[in-house]
Number of protein chains: 4
Amino acid sequence: MEDIRYKEQLLCSRESKAEDTVIEAGGVKLGGGELAVIAGPCSVETEDQIVAIAEQVKAAGADMLRGGAFKPRTSPYDFQGLEASGLKLLLKAKKETGLPLVSEIMDASNLDLFEDIDVLQVGARNMQNYALLKQLGRTNKPILLKRGISATYQELLTAAEYVLSEGNPNVILCERGIRTFETYTRNTLDVAAVPVLKGLSHLPAVVDPSHGSGRSELVSSLSLAAVAAGADGLMIEVHNNPAAALSDGKQSITPEEFAELMKKIKKVKSAIK
Amino acid sequence: MEDIRYKEQLLCSRESKAEDTVIEAGGVKLGGGELAVIAGPCSVETEDQIVAIAEQVKAAGADMLRGGAFKPRTSPYDFQGLEASGLKLLLKAKKETGLPLVSEIMDASNLDLFEDIDVLQVGARNMQNYALLKQLGRTNKPILLKRGISATYQELLTAAEYVLSEGNPNVILCERGIRTFETYTRNTLDVAAVPVLKGLSHLPAVVDPSHGSGRSELVSSLSLAAVAAGADGLMIEVHNNPAAALSDGKQSITPEEFAELMKKIKKVKSAIK
Amino acid sequence: MEDIRYKEQLLCSRESKAEDTVIEAGGVKLGGGELAVIAGPCSVETEDQIVAIAEQVKAAGADMLRGGAFKPRTSPYDFQGLEASGLKLLLKAKKETGLPLVSEIMDASNLDLFEDIDVLQVGARNMQNYALLKQLGRTNKPILLKRGISATYQELLTAAEYVLSEGNPNVILCERGIRTFETYTRNTLDVAAVPVLKGLSHLPAVVDPSHGSGRSELVSSLSLAAVAAGADGLMIEVHNNPAAALSDGKQSITPEEFAELMKKIKKVKSAIK
Amino acid sequence: MEDIRYKEQLLCSRESKAEDTVIEAGGVKLGGGELAVIAGPCSVETEDQIVAIAEQVKAAGADMLRGGAFKPRTSPYDFQGLEASGLKLLLKAKKETGLPLVSEIMDASNLDLFEDIDVLQVGARNMQNYALLKQLGRTNKPILLKRGISATYQELLTAAEYVLSEGNPNVILCERGIRTFETYTRNTLDVAAVPVLKGLSHLPAVVDPSHGSGRSELVSSLSLAAVAAGADGLMIEVHNNPAAALSDGKQSITPEEFAELMKKIKKVKSAIK
């Protein structure tokens, strides 16, 4: 693990474990050569919304459902999510569709509420919230750890190490775009993160093209690029009414667009096998 | 507050309060035209170390003592600080010198331990740890909020707003360098942050030239630049044996260098009055 | 062309010309849905070297040969290229293989020397060398314009406009990685540039994964990602002895690796058609 | 010169020449502890404009007059400067006031036109236009070399070396802000560049707070910061009617503001002596 101190100690490094880690979450496998697609809205808004989207993304071939209940927002006056009741709506969607769930946790004191959530997401803003990472390291939950907006590969991996070193080996790394000088896109998707992280670490690496660009019209191209680069999964924001979404509507694609995209994703995945 | 949404709502904005906020911490005033100098080691290491440094920086004219007890470190295998016992050593140094204390808090569950710490620091990595900010907003402690490594002015101010909107008006903004392409320095000190933040907000703005450069030989020039730009305070890492420091030795100046610097600081402060 | 002033005036914009521009260079077409692969060494070094590489990349399916004769190097004491004699060696390789040529021009006073070079490259450092761009705009040569290391999409397009506005419509845009905080890779390849530039402009957009990463082990993944994202072409550094290359050996792949990559490129290109 | 290859060879390095280089231009000295202030409009517009501004900045204490005749503009459809006739207007202003002149050259084929211009400026966009730098290296004119928007210290110094290695020792380095993620300011002024460049090199280092911020209301604070950090000079945009300026009006201060600023500059300069 060139340039990275303590490589011989890092549990996440390829040096310490050569074979890919495969993480099972609600029956879905992440890592090891297969591609898992996580789809759903930025925020859970209503029962109708989340159940309808869950059914649509499942029909299109999604493997897991995402939806935010606790939302980290830049301003305290923005919509902060439905919180505990949002998690309950996610569980209804799971019951209806069987899709395992991914949702963000911001505060370890809420861990009880996430008991039936299959994958706990740590957002980019909390990538170096070590108090949170240590507490998640004491659970056995799969953790989807998003790269901070200006985190180096080394910092992402040592953040993952905070979870692993506490005893939880189930970390999924997520490239979601980094902050650069370019403002046309919300972030700059660093697609090289996929081969770099998979070279340095045995952990699965997934890509979020929605935050990675902030523009729905780019999500398809970036999803295919991520698959071609070898990503173990994608996390895509899908909303059945993007214009009315309570958050991130501009980067959400519709269920119809998602269904079209899934067909292309499968072709590209086949092409690189 | 150009470019910043909700400006009419933001409690931190000049639009909502024209006069400078002056925050009193342990008898020292921050904001309103005076200059407060906070000095001390990156980490509290031993009683001898912290008491000796406290005495030396006090003799040179420092107003407050800094020292880390809970340390956020990139790797979980780096020194994590003396934690609760480090805070006790800080209190001894305060007892000996009368200097009020600044120390970083990473986890709100530790709030009890910080009861006698005068200013609670939130580090750059936790600038958008909204769970922590909200809990600090329910105290009446002065909070020194460091700018995230890639946080815009808007994001720093809306992070401060998380504290203010919960009822605590005592936030001190801290520019400590941002992450850029330049690697010769650890960070790039954005000295324009001082006039920008003081223009947009009534909160005090201080500068940390130690993290802002990562190089002790630059600390003097950057301190004087910050004072000339109108900073309300400086936070400077001082160590009596930088080469043996348990963290950040490369950016720490010696007590002797600090004493020299204080003389120049006073001259520049006089020149711009 | 959102966010970009003068859009109604820009000759390079989709608003001014809806259909893709197809540029013909030495019989090879760039733009319009096909994929052109340009391959060859960073620098022309010897006749044996350039002819051998040309034969090998042609056998593997490359469409054009690249090779630098005038080299912009950060230090004046680095190898500056074989200059005029390097161009002559390129012409020999063209005679042997029939591959059209791409080579960098740094100074318009050298234009005569480039008479038989099929595509003139403007490097990232000269993207805003407007004196050079204007003079190239008065030729009818295809110009491959590399994005500056910190150029926005808008700046790349208005730089292209300097060529177009002088009368030369033959500009090929090239994403070659941007400068960010990440130092593990030489640059951060911005794969979103492909759909963004093709959305805003009718000009062809190609990708250079070699400068885009600076690491040969990433070139394959990034090439496939660029193709999946819809690139009109790739420019790949290939050297038959990377360890002994006079420049950029670290990011060059071998002819054997290139041949393997070409097979995958064709599969991914088929998958997205 | 840590991290910089060829340090033992670099003519610009402190290792090769310990004492400060002092460059004389039209009777004004740059380097060696004194502070030179260059002031004037972004673009020369009319005889009345440039002569009036020259008289005003001279009265306020400026040492040299700046004014652009050849203007590098992002779009080819923006005002490109008065070119040769602009240089003639500058010479009239020099005749009236005695102030030496600084103006930007973009194309070495124009060198004849600059015969009576005292300092030739190379803009940020051309910092790595090595063809231009080499030709300027064959003159004995003082060259003010602006740092590229994303140039490292090393790259700025090796660009200067292109001039020095051709025989011209008269290079003035200019920090003018770098491109970062922050968009509130046009660029982020890197004030640490002053002590860093003066540590690594014996060449004079000046600061341009106008491009360094893009906002006239910040120019005063940033000028004082640069002086406090040890700059050998300042280059400040002054316009007698900023709102009507043909370029960069937003970052220009008025002659009255400049006169006020000069008083403060002198006080800070005295304070750090």
# chains A, B, ... in the order shown; residues from 1 in each chain; ligands from 1

call {"tool": "closest_atom_pairs", "arguments": {"of": "chain C", "to": "chain B", "cutoff": "7 Å", "atoms": "only C-alpha atoms", "output": "Markdown table"}}
result
| residue | atom | partner | partner_atom | distance |
| --- | --- | --- | --- | --- |
| C:Arg179 | CA | B:Phe181 | CA | 6.6 |
| C:Thr180 | CA | B:Phe181 | CA | 5.4 |
| C:Phe181 | CA | B:Phe181 | CA | 4.6 |

call {"tool": "residues_around", "arguments": {"residues": "stretch 187-199 of chain A", "least_positions_apart": "5", "cutoff": "8 Å", "atoms": "only C-alpha atoms", "output": "JSON, numbers by chain"}}
result
{"A": [14, 153, 175, 176, 177, 178, 179, 180, 182, 204, 205, 206, 207, 209, 211, 212, 213, 214, 225, 226, 229, 230, 231], "C": [188, 189, 190, 191, 192, 213, 218, 221, 222, 225]}

call {"tool": "residues_around", "arguments": {"residues": "D:Asp232", "least_positions_apart": "5", "cutoff": "8 Å", "atoms": "only C-alpha atoms", "output": "mmCIF file with all heavy atoms, in the first residue's frame"}}
result
data_model
loop_
_atom_site.group_PDB
_atom_site.id
_atom_site.type_symbol
_atom_site.label_atom_id
_atom_site.label_comp_id
_atom_site.auth_asym_id
_atom_site.auth_seq_id
_atom_site.Cartn_x
_atom_site.Cartn_y
_atom_site.Cartn_z
ATOM 1 N N LEU D 30 13.376 46.286 -6.764
ATOM 2 C CA LEU D 30 12.515 45.216 -6.251
ATOM 3 C C LEU D 30 13.377 44.146 -5.606
ATOM 4 O O LEU D 30 14.280 43.603 -6.251
ATOM 5 C CB LEU D 30 11.718 44.605 -7.393
ATOM 6 C CG LEU D 30 10.434 45.362 -7.734
ATOM 7 C CD1 LEU D 30 10.268 45.482 -9.231
ATOM 8 C CD2 LEU D 30 9.243 44.652 -7.101
ATOM 9 N N GLY D 31 13.049 43.817 -4.353
ATOM 10 C CA GLY D 31 13.830 42.811 -3.641
ATOM 11 C C GLY D 31 14.749 43.465 -2.626
ATOM 12 O O GLY D 31 14.959 44.686 -2.640
ATOM 13 N N GLY D 32 15.241 42.664 -1.688
ATOM 14 C CA GLY D 32 16.245 43.159 -0.758
ATOM 15 C C GLY D 32 15.705 43.933 0.412
ATOM 16 O O GLY D 32 16.442 44.686 1.045
ATOM 17 N N GLY D 33 14.421 43.782 0.723
ATOM 18 C CA GLY D 33 13.924 44.347 1.962
ATOM 19 C C GLY D 33 13.023 45.558 1.811
ATOM 20 O O GLY D 33 12.268 45.893 2.721
ATOM 21 N N GLU D 34 13.117 46.234 0.657
ATOM 22 C CA GLU D 34 12.211 47.374 0.446
ATOM 23 C C GLU D 34 10.879 46.868 -0.115
ATOM 24 O O GLU D 34 10.785 45.743 -0.596
ATOM 25 C CB GLU D 34 12.839 48.374 -0.523
ATOM 26 C CG GLU D 34 14.069 49.050 0.048
ATOM 27 C CD GLU D 34 13.799 49.666 1.415
ATOM 28 O OE1 GLU D 34 12.897 50.517 1.537
ATOM 29 O OE2 GLU D 34 14.481 49.271 2.385
ATOM 30 N N LEU D 35 9.859 47.713 -0.084
ATOM 31 C CA LEU D 35 8.545 47.355 -0.620
ATOM 32 C C LEU D 35 8.238 48.255 -1.809
ATOM 33 O O LEU D 35 8.251 49.483 -1.681
ATOM 34 C CB LEU D 35 7.476 47.558 0.462
ATOM 35 C CG LEU D 35 6.077 47.146 0.042
ATOM 36 C CD1 LEU D 35 5.919 45.628 0.167
ATOM 37 C CD2 LEU D 35 5.031 47.851 0.879
ATOM 38 N N ALA D 36 7.964 47.648 -2.952
ATOM 39 C CA ALA D 36 7.593 48.413 -4.145
ATOM 40 C C ALA D 36 6.104 48.196 -4.419
ATOM 41 O O ALA D 36 5.629 47.066 -4.389
ATOM 42 C CB ALA D 36 8.408 47.944 -5.340
ATOM 43 N N PRO D 204 12.882 38.177 -5.946
ATOM 44 C CA PRO D 204 11.838 38.933 -5.249
ATOM 45 C C PRO D 204 10.473 38.274 -5.423
ATOM 46 O O PRO D 204 10.205 37.662 -6.455
ATOM 47 C CB PRO D 204 11.843 40.305 -5.951
ATOM 48 C CG PRO D 204 13.054 40.341 -6.818
ATOM 49 C CD PRO D 204 13.483 38.941 -7.066
ATOM 50 N N ALA D 205 9.624 38.423 -4.413
ATOM 51 C CA ALA D 205 8.275 37.854 -4.456
ATOM 52 C C ALA D 205 7.266 38.956 -4.160
ATOM 53 O O ALA D 205 7.321 39.577 -3.093
ATOM 54 C CB ALA D 205 8.131 36.728 -3.440
ATOM 55 N N VAL D 206 6.380 39.210 -5.115
ATOM 56 C CA VAL D 206 5.344 40.228 -4.926
ATOM 57 C C VAL D 206 3.969 39.560 -4.917
ATOM 58 O O VAL D 206 3.828 38.394 -5.293
ATOM 59 C CB VAL D 206 5.416 41.320 -6.019
ATOM 60 C CG1 VAL D 206 6.812 41.926 -6.079
ATOM 61 C CG2 VAL D 206 5.009 40.783 -7.379
ATOM 62 N N VAL D 227 2.060 42.332 3.078
ATOM 63 C CA VAL D 227 3.189 43.114 3.605
ATOM 64 C C VAL D 227 3.674 42.499 4.919
ATOM 65 O O VAL D 227 4.881 42.310 5.130
ATOM 66 C CB VAL D 227 2.785 44.590 3.796
ATOM 67 C CG1 VAL D 227 3.896 45.364 4.501
ATOM 68 C CG2 VAL D 227 2.463 45.225 2.437
#

call {"tool": "residues_around", "arguments": {"residues": "B:Val119", "least_positions_apart": "6", "cutoff": "6 Å", "atoms": "only C-alpha atoms", "output": "ChimeraX atom specification"}}
result
/B:102,142-143

call {"tool": "atom_distance", "arguments": {"atom1": "atom CA of D:Ile265", "atom2": "atom CA of D:Ile236"}}
result
12.2 Å

call {"tool": "closest_residue", "arguments": {"among": "A:Ile272, A:Leu136, A:Leu89, A:Met127", "to": "A:Thr158", "atoms": "only C-alpha atoms"}}
result
A:Met127

call {"tool": "select_by_dssp", "arguments": {"residues": "stretch 31-63 of chain A", "states": "strand (DSSP E or B)", "output": "number ranges by chain"}}
result
A: 36-40, 43

call {"tool": "write_last_selection", "arguments": {"atoms": "N, CA, C and O atoms", "output": "PDB file, in the first residue's frame"}}
result
ATOM      1  N   ALA A  36     -23.752  -5.307  -7.335  1.00  0.00           N
ATOM      2  CA  ALA A  36     -24.998  -5.072  -6.595  1.00  0.00           C
ATOM      3  C   ALA A  36     -25.466  -3.643  -6.869  1.00  0.00           C
ATOM      4  O   ALA A  36     -24.670  -2.709  -6.802  1.00  0.00           O
ATOM      5  N   VAL A  37     -26.741  -3.506  -7.179  1.00  0.00           N
ATOM      6  CA  VAL A  37     -27.276  -2.170  -7.458  1.00  0.00           C
ATOM      7  C   VAL A  37     -28.241  -1.758  -6.348  1.00  0.00           C
ATOM      8  O   VAL A  37     -29.224  -2.446  -6.078  1.00  0.00           O
ATOM      9  N   ILE A  38     -27.901  -0.649  -5.711  1.00  0.00           N
ATOM     10  CA  ILE A  38     -28.711  -0.078  -4.636  1.00  0.00           C
ATOM     11  C   ILE A  38     -29.418   1.135  -5.237  1.00  0.00           C
ATOM     12  O   ILE A  38     -28.782   1.997  -5.824  1.00  0.00           O
ATOM     13  N   ALA A  39     -30.741   1.183  -5.098  1.00  0.00           N
ATOM     14  CA  ALA A  39     -31.467   2.308  -5.698  1.00  0.00           C
ATOM     15  C   ALA A  39     -32.552   2.784  -4.753  1.00  0.00           C
ATOM     16  O   ALA A  39     -32.991   2.053  -3.862  1.00  0.00           O
ATOM     17  N   GLY A  40     -32.965   4.025  -4.947  1.00  0.00           N
ATOM     18  CA  GLY A  40     -34.030   4.578  -4.119  1.00  0.00           C
ATOM     19  C   GLY A  40     -33.883   6.068  -3.971  1.00  0.00           C
ATOM     20  O   GLY A  40     -32.927   6.658  -4.465  1.00  0.00           O
ATOM     21  N   SER A  43     -34.407  10.952   0.113  1.00  0.00           N
ATOM     22  CA  SER A  43     -35.103  10.946   1.400  1.00  0.00           C
ATOM     23  C   SER A  43     -36.381  10.115   1.314  1.00  0.00           C
ATOM     24  O   SER A  43     -37.089  10.155   0.308  1.00  0.00           O
TER      25      SER A  43
END

call {"tool": "residues_around", "arguments": {"residues": "stretch 82-86 of chain C", "least_positions_apart": "5", "cutoff": "9 Å", "atoms": "only C-alpha atoms", "output": "list in words"}}
result
Ser43, Val44, Glu45, Thr46, Glu47, Gly67, Gly68, Ala69, Phe70, Lys71, Leu91, Asn110, Leu113 and Phe114 of chain C

call {"tool": "atom_distance", "arguments": {"atom1": "atom CA of C:Gln128", "atom2": "atom CA of D:Arg73"}}
result
8.8 Å

call {"tool": "residues_around", "arguments": {"residues": "stretch 51-65 of chain C", "least_positions_apart": "6", "cutoff": "8 Å", "atoms": "only C-alpha atoms", "output": "ChimeraX atom specification"}}
result
/C:28,36-41,90,92-94,96-97,99-102,238-240,255,258-259,262

call {"tool": "write_last_selection", "arguments": {"atoms": "N, CA and C atoms", "output": "PDB file, in the first residue's frame"}}
result
ATOM      1  N   VAL C  28      -8.694   8.732 -40.851  1.00  0.00           N
ATOM      2  CA  VAL C  28      -9.391   8.271 -39.646  1.00  0.00           C
ATOM      3  C   VAL C  28     -10.436   9.305 -39.253  1.00  0.00           C
ATOM      4  N   ALA C  36     -12.016   6.095 -31.935  1.00  0.00           N
ATOM      5  CA  ALA C  36     -10.663   6.098 -32.505  1.00  0.00           C
ATOM      6  C   ALA C  36      -9.655   5.934 -31.379  1.00  0.00           C
ATOM      7  N   VAL C  37      -8.692   5.049 -31.568  1.00  0.00           N
ATOM      8  CA  VAL C  37      -7.679   4.822 -30.544  1.00  0.00           C
ATOM      9  C   VAL C  37      -6.322   5.313 -31.050  1.00  0.00           C
ATOM     10  N   ILE C  38      -5.764   6.252 -30.323  1.00  0.00           N
ATOM     11  CA  ILE C  38      -4.452   6.826 -30.618  1.00  0.00           C
ATOM     12  C   ILE C  38      -3.480   6.222 -29.620  1.00  0.00           C
ATOM     13  N   ALA C  39      -2.390   5.667 -30.087  1.00  0.00           N
ATOM     14  CA  ALA C  39      -1.451   5.027 -29.167  1.00  0.00           C
ATOM     15  C   ALA C  39      -0.029   5.331 -29.594  1.00  0.00           C
ATOM     16  N   GLY C  40       0.864   5.225 -28.646  1.00  0.00           N
ATOM     17  CA  GLY C  40       2.273   5.464 -28.949  1.00  0.00           C
ATOM     18  C   GLY C  40       2.997   5.982 -27.732  1.00  0.00           C
ATOM     19  N   PRO C  41       4.297   6.218 -27.885  1.00  0.00           N
ATOM     20  CA  PRO C  41       5.099   6.604 -26.732  1.00  0.00           C
ATOM     21  C   PRO C  41       4.902   8.084 -26.374  1.00  0.00           C
ATOM     22  N   LEU C  90       8.872  10.264 -36.752  1.00  0.00           N
ATOM     23  CA  LEU C  90       7.427   9.960 -36.785  1.00  0.00           C
ATOM     24  C   LEU C  90       6.976   9.706 -38.218  1.00  0.00           C
ATOM     25  N   LYS C  92       8.691   8.564 -40.634  1.00  0.00           N
ATOM     26  CA  LYS C  92       9.133   7.226 -41.051  1.00  0.00           C
ATOM     27  C   LYS C  92       8.170   6.157 -40.538  1.00  0.00           C
ATOM     28  N   ALA C  93       7.768   6.307 -39.296  1.00  0.00           N
ATOM     29  CA  ALA C  93       6.842   5.320 -38.723  1.00  0.00           C
ATOM     30  C   ALA C  93       5.511   5.336 -39.475  1.00  0.00           C
ATOM     31  N   LYS C  94       5.106   6.513 -39.905  1.00  0.00           N
ATOM     32  CA  LYS C  94       3.863   6.616 -40.679  1.00  0.00           C
ATOM     33  C   LYS C  94       4.039   5.914 -42.024  1.00  0.00           C
ATOM     34  N   GLU C  96       5.958   3.475 -42.692  1.00  0.00           N
ATOM     35  CA  GLU C  96       6.005   2.016 -42.500  1.00  0.00           C
ATOM     36  C   GLU C  96       4.637   1.412 -42.214  1.00  0.00           C
ATOM     37  N   THR C  97       3.813   2.162 -41.502  1.00  0.00           N
ATOM     38  CA  THR C  97       2.571   1.557 -40.986  1.00  0.00           C
ATOM     39  C   THR C  97       1.306   2.157 -41.573  1.00  0.00           C
ATOM     40  N   LEU C  99      -0.137   4.603 -40.294  1.00  0.00           N
ATOM     41  CA  LEU C  99      -0.898   5.249 -39.211  1.00  0.00           C
ATOM     42  C   LEU C  99      -0.753   6.770 -39.284  1.00  0.00           C
ATOM     43  N   PRO C 100      -1.851   7.500 -39.265  1.00  0.00           N
ATOM     44  CA  PRO C 100      -1.771   8.962 -39.157  1.00  0.00           C
ATOM     45  C   PRO C 100      -1.127   9.360 -37.829  1.00  0.00           C
ATOM     46  N   LEU C 101      -0.624  10.582 -37.771  1.00  0.00           N
ATOM     47  CA  LEU C 101       0.212  11.019 -36.638  1.00  0.00           C
ATOM     48  C   LEU C 101      -0.430  12.130 -35.805  1.00  0.00           C
ATOM     49  N   VAL C 102      -0.191  12.051 -34.501  1.00  0.00           N
ATOM     50  CA  VAL C 102      -0.554  13.118 -33.559  1.00  0.00           C
ATOM     51  C   VAL C 102       0.717  13.538 -32.830  1.00  0.00           C
ATOM     52  N   VAL C 238       1.968   4.042 -24.967  1.00  0.00           N
ATOM     53  CA  VAL C 238       2.470   2.672 -25.080  1.00  0.00           C
ATOM     54  C   VAL C 238       3.964   2.758 -25.351  1.00  0.00           C
ATOM     55  N   HIS C 239       4.729   1.991 -24.614  1.00  0.00           N
ATOM     56  CA  HIS C 239       6.184   1.997 -24.807  1.00  0.00           C
ATOM     57  C   HIS C 239       6.667   0.550 -24.733  1.00  0.00           C
ATOM     58  N   ASN C 240       7.615   0.223 -25.591  1.00  0.00           N
ATOM     59  CA  ASN C 240       8.086  -1.172 -25.589  1.00  0.00           C
ATOM     60  C   ASN C 240       9.123  -1.444 -24.496  1.00  0.00           C
ATOM     61  N   PRO C 255       3.203  -2.915 -25.343  1.00  0.00           N
ATOM     62  CA  PRO C 255       2.397  -3.304 -26.512  1.00  0.00           C
ATOM     63  C   PRO C 255       1.526  -4.535 -26.220  1.00  0.00           C
ATOM     64  N   PHE C 258      -1.364  -3.404 -24.257  1.00  0.00           N
ATOM     65  CA  PHE C 258      -2.239  -2.643 -25.142  1.00  0.00           C
ATOM     66  C   PHE C 258      -3.104  -3.572 -25.994  1.00  0.00           C
ATOM     67  N   ALA C 259      -2.493  -4.651 -26.482  1.00  0.00           N
ATOM     68  CA  ALA C 259      -3.255  -5.597 -27.317  1.00  0.00           C
ATOM     69  C   ALA C 259      -4.392  -6.230 -26.513  1.00  0.00           C
ATOM     70  N   MET C 262      -7.137  -3.605 -26.051  1.00  0.00           N
ATOM     71  CA  MET C 262      -7.939  -3.346 -27.255  1.00  0.00           C
ATOM     72  C   MET C 262      -9.104  -4.337 -27.377  1.00  0.00           C
TER      73      MET C 262
END

call {"tool": "atom_distance", "arguments": {"atom1": "atom CA of D:Glu166", "atom2": "atom CA of D:Gln9"}}
result
13.7 Å

call {"tool": "select_by_dssp", "arguments": {"residues": "stretch 10-214 of chain D", "states": "alpha helix (DSSP H)", "output": "NGL selection string"}}
result
:D and (47-60 or 84-97 or 130-137 or 153-164 or 193-200)

call {"tool": "closest_residue", "arguments": {"among": "B:Leu132, B:Ala228, B:Gln251, B:Thr74", "to": "A:Thr152", "atoms": "only C-alpha atoms"}}
result
B:Thr74

call {"tool": "closest_residue", "arguments": {"among": "C:Leu261, C:Ile50, C:Leu164, C:Val171", "to": "C:Leu224", "atoms": "only C-alpha atoms"}}
result
C:Leu261
